[in-house]
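See below for input_32.cif, which holds mmCIF, C-alpha atoms.
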data_structure
#
loop_
_atom_site.label_atom_id
_atom_site.label_comp_id
_atom_site.auth_asym_id
_atom_site.auth_seq_id
_atom_site.Cartn_x
_atom_site.Cartn_y
_atom_site.Cartn_z
CA MET F 221 -15.77 -4.13 -23.31
CA THR F 222 -17.51 -5.66 -26.30
CA GLN F 223 -15.60 -5.95 -29.57
CA ASP F 224 -17.93 -3.34 -31.12
CA ASP F 225 -17.13 -0.74 -28.47
CA TRP F 226 -13.43 -1.41 -28.69
CA ASP F 227 -13.48 -1.09 -32.49
CA LEU F 228 -15.35 2.19 -32.20
CA MET F 229 -12.92 3.48 -29.57
CA LEU F 230 -9.95 2.48 -31.74
CA ARG F 231 -11.48 4.35 -34.66
CA PHE F 232 -12.11 7.37 -32.41
CA LYS F 233 -8.50 7.26 -31.16
CA ARG F 234 -7.43 7.49 -34.80
CA GLY F 235 -9.56 10.62 -35.13
CA ASP F 236 -12.81 9.20 -36.51
CA ILE F 237 -15.51 11.50 -35.06
CA LEU F 238 -18.26 9.35 -36.58
CA ALA F 239 -17.14 6.49 -34.33
CA PHE F 240 -17.51 8.78 -31.32
CA GLU F 241 -21.00 9.77 -32.45
CA MET F 242 -21.94 6.10 -32.69
CA ILE F 243 -20.70 5.50 -29.15
CA MET F 244 -22.68 8.49 -27.90
CA GLN F 245 -25.84 7.31 -29.66
CA LYS F 246 -25.41 3.82 -28.26
CA TYR F 247 -24.98 4.85 -24.63
CA GLN F 248 -26.64 8.23 -24.20
CA LYS F 249 -30.02 6.91 -23.05
CA SER F 250 -28.54 4.46 -20.60
CA VAL F 251 -26.17 7.05 -19.08
CA LEU F 252 -28.95 9.65 -18.99
CA ASN F 253 -31.23 7.32 -17.05
CA VAL F 254 -28.59 6.33 -14.51
CA ILE F 255 -27.90 10.00 -13.84
CA TYR F 256 -31.58 10.95 -13.87
CA ARG F 257 -32.38 8.34 -11.23
CA LEU F 258 -29.47 9.54 -9.11
CA VAL F 259 -30.03 13.30 -9.30
CA GLY F 260 -33.81 13.23 -9.80
CA ASP F 261 -33.96 16.15 -12.23
CA GLN F 262 -34.30 15.65 -15.99
CA ASP F 263 -32.62 18.88 -17.15
CA ARG F 264 -29.71 18.45 -14.77
CA ALA F 265 -29.41 14.79 -15.81
CA GLU F 266 -29.16 15.79 -19.46
CA ASP F 267 -26.55 18.38 -18.63
CA LEU F 268 -24.47 15.88 -16.67
CA THR F 269 -24.83 13.23 -19.40
CA GLN F 270 -23.34 15.69 -21.86
CA GLU F 271 -20.50 16.27 -19.40
CA VAL F 272 -19.88 12.51 -19.29
CA PHE F 273 -19.47 12.43 -23.07
CA VAL F 274 -17.28 15.53 -22.98
CA LYS F 275 -14.98 13.55 -20.67
CA VAL F 276 -15.07 10.57 -23.03
CA TYR F 277 -14.20 12.87 -25.94
CA ARG F 278 -11.35 14.57 -24.08
CA PHE F 279 -9.87 11.57 -22.31
CA GLY F 280 -10.97 8.80 -24.68
CA LYS F 281 -7.63 8.82 -26.45
CA ARG F 282 -5.96 7.77 -23.20
CA TYR F 283 -8.51 5.04 -22.57
CA LYS F 284 -7.17 1.48 -22.46
CA PRO F 285 -9.45 -1.56 -22.53
CA LYS F 286 -8.57 -2.76 -19.03
CA THR F 287 -12.20 -2.26 -18.01
CA ARG F 288 -15.31 -2.57 -20.13
CA PHE F 289 -16.18 0.66 -21.85
CA SER F 290 -19.68 0.72 -20.36
CA HIS F 291 -18.22 0.29 -16.86
CA TRP F 292 -15.95 3.25 -17.43
CA LEU F 293 -18.94 5.30 -18.58
CA TYR F 294 -21.01 4.29 -15.55
CA ARG F 295 -18.16 5.19 -13.26
CA ILE F 296 -17.85 8.68 -14.74
CA ALA F 297 -21.63 9.11 -14.65
CA ILE F 298 -21.87 8.07 -10.99
CA ASN F 299 -18.93 10.23 -9.93
CA LEU F 300 -20.33 13.30 -11.68
CA SER F 301 -23.82 12.71 -10.26
CA LEU F 302 -22.66 12.22 -6.68
CA ASN F 303 -20.44 15.25 -6.97
CA ASP F 304 -23.39 17.26 -8.27
CA LEU F 305 -25.53 16.09 -5.36
CA ARG F 306 -22.81 17.09 -2.90
CA GLN F 307 -22.60 20.56 -4.46
CA LYS F 308 -26.38 20.87 -4.46
CA ARG F 309 -26.59 19.94 -0.79
CA LYS F 310 -23.90 22.49 0.03
CA TYR F 311 -25.80 25.37 -1.54
CA GLN F 312 -29.35 24.28 -0.78
CA VAL F 313 -31.87 27.03 -0.06
CA ILE F 314 -35.60 26.86 0.51
CA SER F 315 -37.58 29.55 -1.24
CA LEU F 316 -40.11 31.31 0.96
CA ASN F 317 -42.06 32.53 -2.06
CA SER F 318 -42.42 29.54 -4.36
CA PRO F 319 -45.04 26.91 -3.51
CA LEU F 320 -43.92 23.58 -2.12
CA SER F 321 -44.10 20.60 -4.43
CA PHE F 322 -44.97 17.11 -3.24
CA VAL F 323 -42.40 15.39 -5.43
CA PRO F 324 -39.51 17.78 -5.05
CA ASP F 325 -36.09 17.89 -6.64
CA ASP F 326 -34.52 16.94 -3.40
CA GLY F 327 -36.72 14.66 -1.33
CA LYS F 328 -35.30 15.18 2.13
CA VAL F 329 -35.79 18.89 2.73
CA ALA F 330 -39.21 19.07 1.11
CA GLU F 331 -40.28 15.91 2.93
CA LEU F 332 -39.39 17.56 6.22
CA VAL F 333 -41.20 20.74 5.22
CA ASP F 334 -44.21 18.63 4.15
CA GLN F 335 -44.36 17.02 7.55
CA LEU F 336 -44.08 20.34 9.34
CA ILE F 337 -46.53 22.30 7.23
CA ALA F 338 -49.05 19.77 6.00
CA PRO F 339 -49.44 16.83 8.38
CA THR F 340 -52.69 15.84 6.69
CA PRO F 341 -52.34 15.31 2.91
CA THR F 342 -54.45 17.40 0.59
CA PRO F 343 -56.63 15.71 -2.08
CA VAL F 344 -54.02 16.63 -4.71
CA GLU F 345 -51.32 15.01 -2.64
CA ILE F 346 -53.41 11.88 -2.21
CA LEU F 347 -53.79 11.67 -5.98
CA GLN F 348 -50.05 12.17 -6.44
CA ARG F 349 -49.33 9.49 -3.88
CA ARG F 350 -51.35 7.18 -6.08
CA ASP F 351 -49.03 7.81 -8.97
CA LEU F 352 -46.86 4.70 -8.83
CA ASN F 353 -44.08 6.26 -10.89
CA GLY F 354 -43.76 9.13 -8.42
CA PHE F 355 -44.12 6.82 -5.46
CA ILE F 356 -41.33 4.51 -6.60
CA LYS F 357 -39.16 7.53 -7.42
CA LYS F 358 -39.67 8.88 -3.94
CA ALA F 359 -38.94 5.53 -2.29
CA VAL F 360 -35.69 5.05 -4.24
CA ASP F 361 -34.77 8.67 -3.63
CA SER F 362 -35.07 8.16 0.13
CA LEU F 363 -32.24 5.60 0.10
CA CYS F 364 -28.71 6.65 0.98
CA GLN F 365 -26.48 7.36 -2.01
CA SER F 366 -24.64 4.03 -2.03
CA GLN F 367 -27.85 1.99 -1.72
CA LYS F 368 -29.56 4.09 -4.37
CA THR F 369 -26.63 3.67 -6.76
CA MET F 370 -26.65 -0.09 -6.30
CA ILE F 371 -30.42 -0.41 -6.79
CA ILE F 372 -30.18 1.67 -9.97
CA LEU F 373 -27.34 -0.41 -11.42
CA ARG F 374 -29.02 -3.68 -10.50
CA GLU F 375 -32.71 -3.05 -11.15
CA TYR F 376 -32.58 -0.60 -14.03
CA GLU F 377 -29.29 -1.38 -15.75
CA SER F 378 -29.39 -5.12 -14.96
CA LEU F 379 -25.72 -5.31 -14.05
CA SER F 380 -24.52 -8.50 -12.40
CA TYR F 381 -22.95 -8.29 -8.93
CA ARG F 382 -19.53 -8.84 -10.49
CA GLU F 383 -20.06 -5.97 -12.93
CA MET F 384 -21.33 -3.71 -10.15
CA ALA F 385 -18.27 -4.55 -8.08
CA LYS F 386 -16.06 -3.45 -11.00
CA VAL F 387 -17.96 -0.22 -11.62
CA LEU F 388 -18.09 0.75 -7.93
CA ASN F 389 -14.67 -0.62 -7.09
CA CYS F 390 -15.82 -2.73 -4.16
CA SER F 391 -16.24 -6.40 -3.27
CA ILE F 392 -19.15 -8.63 -4.28
CA LYS F 393 -19.83 -9.26 -0.58
CA SER F 394 -20.35 -5.55 0.06
CA ILE F 395 -22.64 -5.36 -2.98
CA GLU F 396 -24.74 -8.19 -1.54
CA ALA F 397 -24.88 -6.60 1.91
CA CYS F 398 -25.73 -3.14 0.58
CA LEU F 399 -28.43 -4.47 -1.77
CA TYR F 400 -29.96 -6.42 1.11
CA ARG F 401 -30.20 -3.27 3.24
CA ALA F 402 -31.52 -1.26 0.30
CA ARG F 403 -34.28 -3.82 -0.33
CA GLN F 404 -35.23 -3.91 3.33
CA ASN F 405 -35.58 -0.10 3.27
CA LEU F 406 -37.61 -0.22 0.07
CA LYS F 407 -39.82 -2.92 1.53
CA GLU F 408 -40.57 -0.71 4.52
CA LYS F 409 -41.47 2.20 2.22
CA LEU F 410 -43.41 0.29 -0.43
CA ILE F 411 -45.36 -2.35 1.51
CA PRO F 412 -48.19 0.02 2.59
CA TYR F 413 -48.67 1.09 -1.01
CA LEU F 414 -48.47 -2.42 -2.47
CA LYS F 415 -51.01 -3.64 0.09
CA SER F 416 -53.39 -0.76 -0.57
CA GLU F 417 -53.22 -1.44 -4.29
CA GLY F 418 -53.88 -5.15 -3.80
CA PHE F 419 -50.49 -6.28 -5.12
CA LEU F 420 -49.89 -8.21 -1.89
CA MET X 184 -29.83 -22.85 6.58
CA ASN X 185 -32.26 -21.22 9.01
CA CYS X 186 -34.91 -18.62 8.08
CA LYS X 187 -32.68 -15.67 9.04
CA LYS X 188 -29.90 -16.79 6.70
CA ILE X 189 -32.37 -17.62 3.95
CA LYS X 190 -33.90 -14.13 4.15
CA ARG X 191 -30.49 -12.55 3.68
CA LYS X 192 -29.98 -14.70 0.58
CA LEU X 193 -33.37 -14.06 -1.00
CA GLY X 194 -32.30 -10.96 -2.94
CA SER X 195 -29.32 -12.78 -4.45
CA PHE X 196 -31.57 -15.78 -5.13
CA LEU X 197 -34.04 -13.64 -7.08
CA ASP X 198 -31.13 -11.95 -8.89
CA LYS X 199 -29.84 -15.42 -9.86
CA GLU X 200 -26.54 -14.61 -8.21
CA LEU X 201 -26.28 -17.61 -5.90
CA GLU X 202 -24.01 -20.55 -6.56
CA LYS X 203 -25.70 -23.82 -7.48
CA LYS X 204 -25.43 -25.39 -4.00
CA GLU X 205 -26.89 -22.33 -2.23
CA ARG X 206 -29.57 -21.91 -4.87
CA ILE X 207 -30.80 -25.47 -4.37
CA SER X 208 -30.91 -25.13 -0.58
CA VAL X 209 -32.83 -21.82 -0.78
CA LYS X 210 -35.26 -23.35 -3.27
CA GLN X 211 -35.88 -26.33 -1.03
CA HIS X 212 -36.37 -24.11 2.01
CA LEU X 213 -38.90 -21.95 0.16
CA LYS X 214 -40.96 -25.04 -0.70
CA GLN X 215 -41.28 -25.87 2.98
CA CYS X 216 -41.37 -22.47 4.73
CA LEU X 217 -44.47 -20.34 4.17
CA HIS X 218 -42.99 -17.36 5.98
CA CYS X 219 -39.86 -17.19 3.77
CA GLY X 220 -42.04 -17.89 0.73
CA GLU X 221 -44.11 -14.82 1.60
CA GLU X 222 -40.93 -12.74 2.00
CA ALA X 223 -39.72 -13.90 -1.44
CA LYS X 224 -43.07 -12.90 -2.93
CA ILE X 225 -42.82 -9.41 -1.40
CA LEU X 226 -39.27 -8.92 -2.67
CA SER X 227 -40.24 -10.11 -6.12
CA GLN X 228 -43.23 -7.73 -6.14
CA ILE X 229 -40.95 -4.86 -5.09
CA GLN X 230 -38.57 -5.69 -7.92
CA SER X 231 -41.37 -5.59 -10.48
CA SER X 232 -42.80 -2.38 -8.95
CA LEU X 233 -39.41 -0.70 -9.36
CA LYS X 234 -39.74 -1.21 -13.11
CA GLU X 235 -42.69 1.20 -12.99
CA TRP X 236 -40.21 4.07 -12.76
CA LYS X 237 -40.02 4.52 -16.49
CA ASP X 238 -36.96 5.50 -18.50
CA ILE X 239 -36.72 9.00 -19.94
CA GLU X 240 -35.60 9.84 -23.46
CA PRO X 241 -32.83 12.30 -24.35
CA SER X 242 -34.24 15.57 -25.68
CA PRO X 243 -34.07 16.13 -29.49
CA ASP X 244 -31.34 18.75 -29.08
CA PHE X 245 -29.20 16.56 -26.80
CA GLU X 246 -26.41 16.07 -29.33
CA ALA X 247 -26.45 19.68 -30.55
CA ASN X 248 -26.08 20.84 -26.94
CA PHE X 249 -23.29 18.34 -26.42
CA TRP X 250 -21.25 19.74 -29.32
CA LYS X 251 -21.80 23.28 -28.01
CA LYS X 252 -20.62 22.23 -24.57
CA LEU X 253 -17.56 20.52 -26.05
CA ALA X 254 -16.66 23.66 -28.00
CA LEU X 255 -16.91 25.71 -24.80
CA GLU X 256 -14.71 23.22 -22.93
CA LYS X 257 -12.10 23.42 -25.69
CA GLU X 258 -12.11 27.22 -25.45
CA LYS X 259 -11.58 27.03 -21.70
CA GLY X 260 -8.52 24.82 -22.14
CA PRO X 261 -7.13 22.44 -19.56
CA SER X 262 -8.63 22.64 -16.13
CA PHE X 263 -8.44 20.75 -12.87
CA ARG X 264 -12.03 19.51 -13.09
CA TRP X 265 -10.68 16.02 -13.74
CA LEU X 266 -9.83 16.04 -10.03
CA HIS X 267 -13.54 15.48 -9.37
CA LEU X 268 -13.23 12.11 -11.08
CA LEU X 269 -10.61 10.91 -8.63
CA PRO X 270 -11.82 9.15 -5.51
CA ARG X 271 -11.75 11.44 -2.47
CA PRO X 272 -9.15 9.39 -0.49
CA ILE X 273 -6.68 9.76 -3.39
CA ILE X 274 -7.22 13.54 -3.49
CA ILE X 275 -6.67 13.73 0.29
CA ALA X 276 -3.52 11.57 0.03
CA LEU X 277 -2.17 13.76 -2.78
CA ALA X 278 -2.92 16.90 -0.77
CA LEU X 279 -1.16 15.43 2.28
CA VAL X 280 1.98 14.86 0.20
CA ILE X 281 1.92 17.98 -1.95
CA LEU X 282 1.03 20.61 0.68
CA PRO X 283 3.88 19.82 3.14
CA LEU X 284 6.32 19.66 0.20
CA ALA X 285 5.14 23.06 -1.05
CA GLY X 286 5.44 24.45 2.48
CA LEU X 287 8.97 23.07 2.83
CA LEU X 288 10.03 24.58 -0.50
CA PHE X 289 8.56 27.94 0.51
CA VAL X 290 10.37 27.98 3.86
CA ARG X 291 13.64 26.92 2.20
CA SER X 292 13.29 29.77 -0.28
CA LEU X 293 13.38 32.22 2.63
CA LEU X 294 16.59 30.82 4.13
CA PRO X 295 20.09 32.31 3.42
CA GLY X 296 21.68 30.73 0.36
CA SER X 297 18.39 30.30 -1.52
CA LEU X 298 17.80 32.05 -4.81
CA LEU X 299 14.97 34.17 -3.37
CA TYR X 300 17.11 35.23 -0.40
CA HIS X 301 19.98 36.14 -2.72
CA ARG X 302 17.63 38.22 -4.88
CA ALA X 303 16.32 40.08 -1.82
CA GLU X 304 19.92 40.84 -0.79
CA LEU X 305 20.71 42.26 -4.24
CA ILE X 306 17.65 44.52 -4.07
CA GLU X 307 18.72 45.76 -0.64
CA VAL X 308 22.28 46.52 -1.80
CA GLU X 309 20.95 48.36 -4.82
CA ALA X 310 18.60 50.43 -2.63
CA ARG X 311 21.48 51.34 -0.33
CA GLN X 312 23.67 52.42 -3.24
CA GLN X 313 20.84 54.53 -4.60
CA TYR X 314 20.43 56.14 -1.20
CA LEU X 315 24.17 56.87 -0.96
CA ALA X 316 24.18 58.27 -4.49
CA SER X 317 21.25 60.51 -3.61
CA LEU X 318 23.39 61.96 -0.81
CA GLY X 319 26.42 62.41 -3.08
CA LEU X 320 28.38 59.62 -1.33
CA ASN X 321 30.22 56.63 -2.81
CA SER X 322 30.20 54.43 0.28
CA PHE X 323 28.79 54.55 3.78
CA LYS X 324 32.38 54.90 4.95
CA ASP X 325 32.16 58.38 3.56
CA PHE X 326 29.54 59.33 6.15
CA PHE X 327 30.80 61.68 8.75
CA PRO X 328 32.40 59.67 11.65
CA HIS X 329 29.92 59.11 14.52
CA SER X 330 27.06 60.34 12.43
CA VAL X 331 23.78 58.42 12.64
CA GLY X 332 24.15 57.32 9.01
CA ARG X 333 27.55 55.84 9.56
CA ILE X 334 26.53 54.02 12.77
CA TYR X 335 23.39 52.68 11.12
CA PHE X 336 25.18 51.34 8.06
CA SER X 337 27.94 49.96 10.21
CA LEU X 338 25.39 47.97 12.20
CA ILE X 339 23.40 46.55 9.28
CA SER X 340 26.46 45.73 7.18
CA GLU X 341 28.18 44.15 10.19
CA GLU X 342 31.36 45.97 9.27
CA ASN X 343 33.59 47.17 12.04
CA MET X 344 34.21 50.75 11.12
CA TYR X 345 35.73 51.75 14.40
#
Translate the structure of the given file into structure tokens.
Amino acid sequence: MTQDDWDLMLRFKRGDILAFEMIMQKYQKSVLNVIYRLVGDQDRAEDLTQEVFVKVYRFGKRYKPKTRFSHWLYRIAINLSLNDLRQKRKYQVISLNSPLSFVPDDGKVAELVDQLIAPTPTPVEILQRRDLNGFIKKAVDSLCQSQKTMIILREYESLSYREMAKVLNCSIKSIEACLYRARQNLKEKLIPYLKSEGFL
Amino acid sequence: MNCKKIKRKLGSFLDKELEKKERISVKQHLKQCLHCGEEAKILSQIQSSLKEWKDIEPSPDFEANFWKKLALEKEKGPSFRWLHLLPRPIIIALALVILPLAGLLFVRSLLPGSLLYHRAELIEVEARQQYLASLGLNSFKDFFPHSVGRIYFSLISEENMY
């Protein structure tokens, strides 16, 4: 925890709401993006980010600086996101009326439906495939939850392996192994695109 | 290190997470091995491609919605939603301890001598007295000898009336 964060948390513990607002302003974008990349839906991500800060507000007074404040935030954000994904999977339904989207909220089901219904991509789909943002999103989304979480913390939040180990409560060795597998999976998914675009 | 080991270390090498000795040996290997050099190039390209997934911005009413949500949470009062923050193995371990204890307490409450058992006995006695009073009797001893009432009460009260 940086001195700034600790000072703000101390002020918040004494009842200074302005200090809490400063913490929220400092971290809201970062927490929002971690959650967004995990759950894949902007509205839901915003909702869950607010829940993270509700937890900080309610339990912040009990917080002790054993871990860095940002690590604590990431841990709450990841737990809430994975819990949300579990709930979502439990109650997943496929609408028979609404049209299928190529970049869906949940990749796996729609991907399967895509393969079953439209084995040859339509021109619109081809154009969407060319959208690198969507393509990367889909590739990361196809990873298992632990690999996805690690890629997000490493590539987008630039956490060191040691920091990731603290946030995820695991060893540095398992971080290395999981990141290796995640990158191999991403390589498999992204190489055809990178070659077609002349990046390789 | 052989190519297989080097490939496993490439991610950590690009992340600058290797110790000095390993970093030097990977660097030297990459200068000599075209195949591993190509693999490093691919991984590096993948890393930069990942950055194409752009960040999103919080909506303008993010903070207003947060304060609304907080007010709703305060109205709701304490809940057990904090349980979701605990790792699943801890929840399972807690359940394994708490559930058998709760079961044991429940079973004990049904055994003679427990408060619940004693309360049930009092209710039964009171019901019997009300029944006797409704028949104009003070005690089941007052039932006519050999009558069904007297035999019945003699059996359930375990009193030897004969």
**Contacts of X:Leu233 at 9 Å (all atoms listed in the file; same-chain gap of 6+ positions) as a ChimeraX atom specification** = /F:353,356-357,360,375-376
**Request:** Pick out the residues sitting within 9 Å of F:Ile371, and hand them over as a list in words; count all atoms listed in the file, and ignore anything fewer than 3 positions along from it in its own chain.
**Result:**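 Surrounding residues, per the criterion: Val360, Ser366, Gln367, Lys368, Arg374, Glu375, Tyr376, Leu399, Ala402 and Arg403 of chain F.
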**Asked** On this structure, which residues satisfy the PyMOL selection byres ((chain X) within 9 of (chain F)), written as a PyMOL selection string?
**Response** chain X and resi 191-195+198+200+224-226+228-230+232-242+245-246+248-250+252-253+256+265+267-270
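Going from atom CA of F:Ile243 to atom CA of F:Leu258 covers 22.2 Å.
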**Request:** Tell me, in Å to one decimal, how far atom CA of F:Lys393 is from atom CA of X:Ile273.
**Result:**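 We find that atom CA of F:Lys393 and atom CA of X:Ile273 lie 23.3 Å from each other.
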Within 12 Å of X:Ser340 using only C-alpha atoms, minus same-chain residues under 4 positions, as a compact mmCIF listing (two decimals) with C-alpha atoms, in the coordinates of the input:
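Result file result20.txt:
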# COMPACT_ATOMS: atom_id res chain seq x y z
CA GLU X 304 19.92 40.84 -0.79
CA GLU X 307 18.72 45.76 -0.64
CA VAL X 308 22.28 46.52 -1.80
CA ARG X 311 21.48 51.34 -0.33
CA SER X 322 30.20 54.43 0.28
CA PHE X 323 28.79 54.55 3.78
CA LYS X 324 32.38 54.90 4.95
CA GLY X 332 24.15 57.32 9.01
CA ARG X 333 27.55 55.84 9.56
CA ILE X 334 26.53 54.02 12.77
CA TYR X 335 23.39 52.68 11.12
CA PHE X 336 25.18 51.34 8.06
CA MET X 344 34.21 50.75 11.12
**Asked** Which of these, F:Leu268, F:Leu305, F:Met229, F:Leu238, has the shortest distance to F:Arg282 once you count all atoms listed in the file?
**Response** F:Met229
**Asked** What is the distance, in Å and to one decimal place, between atom CA of X:Lys190 and atom CA of X:Glu222?
**Response** 7.5 Å
**Request:** Determine the nearest neighbour of F:Gly235 from the options F:Lys409, F:Lys358, F:Lys281, F:His291, counting only C-alpha atoms.
**Result:** F:Lys281
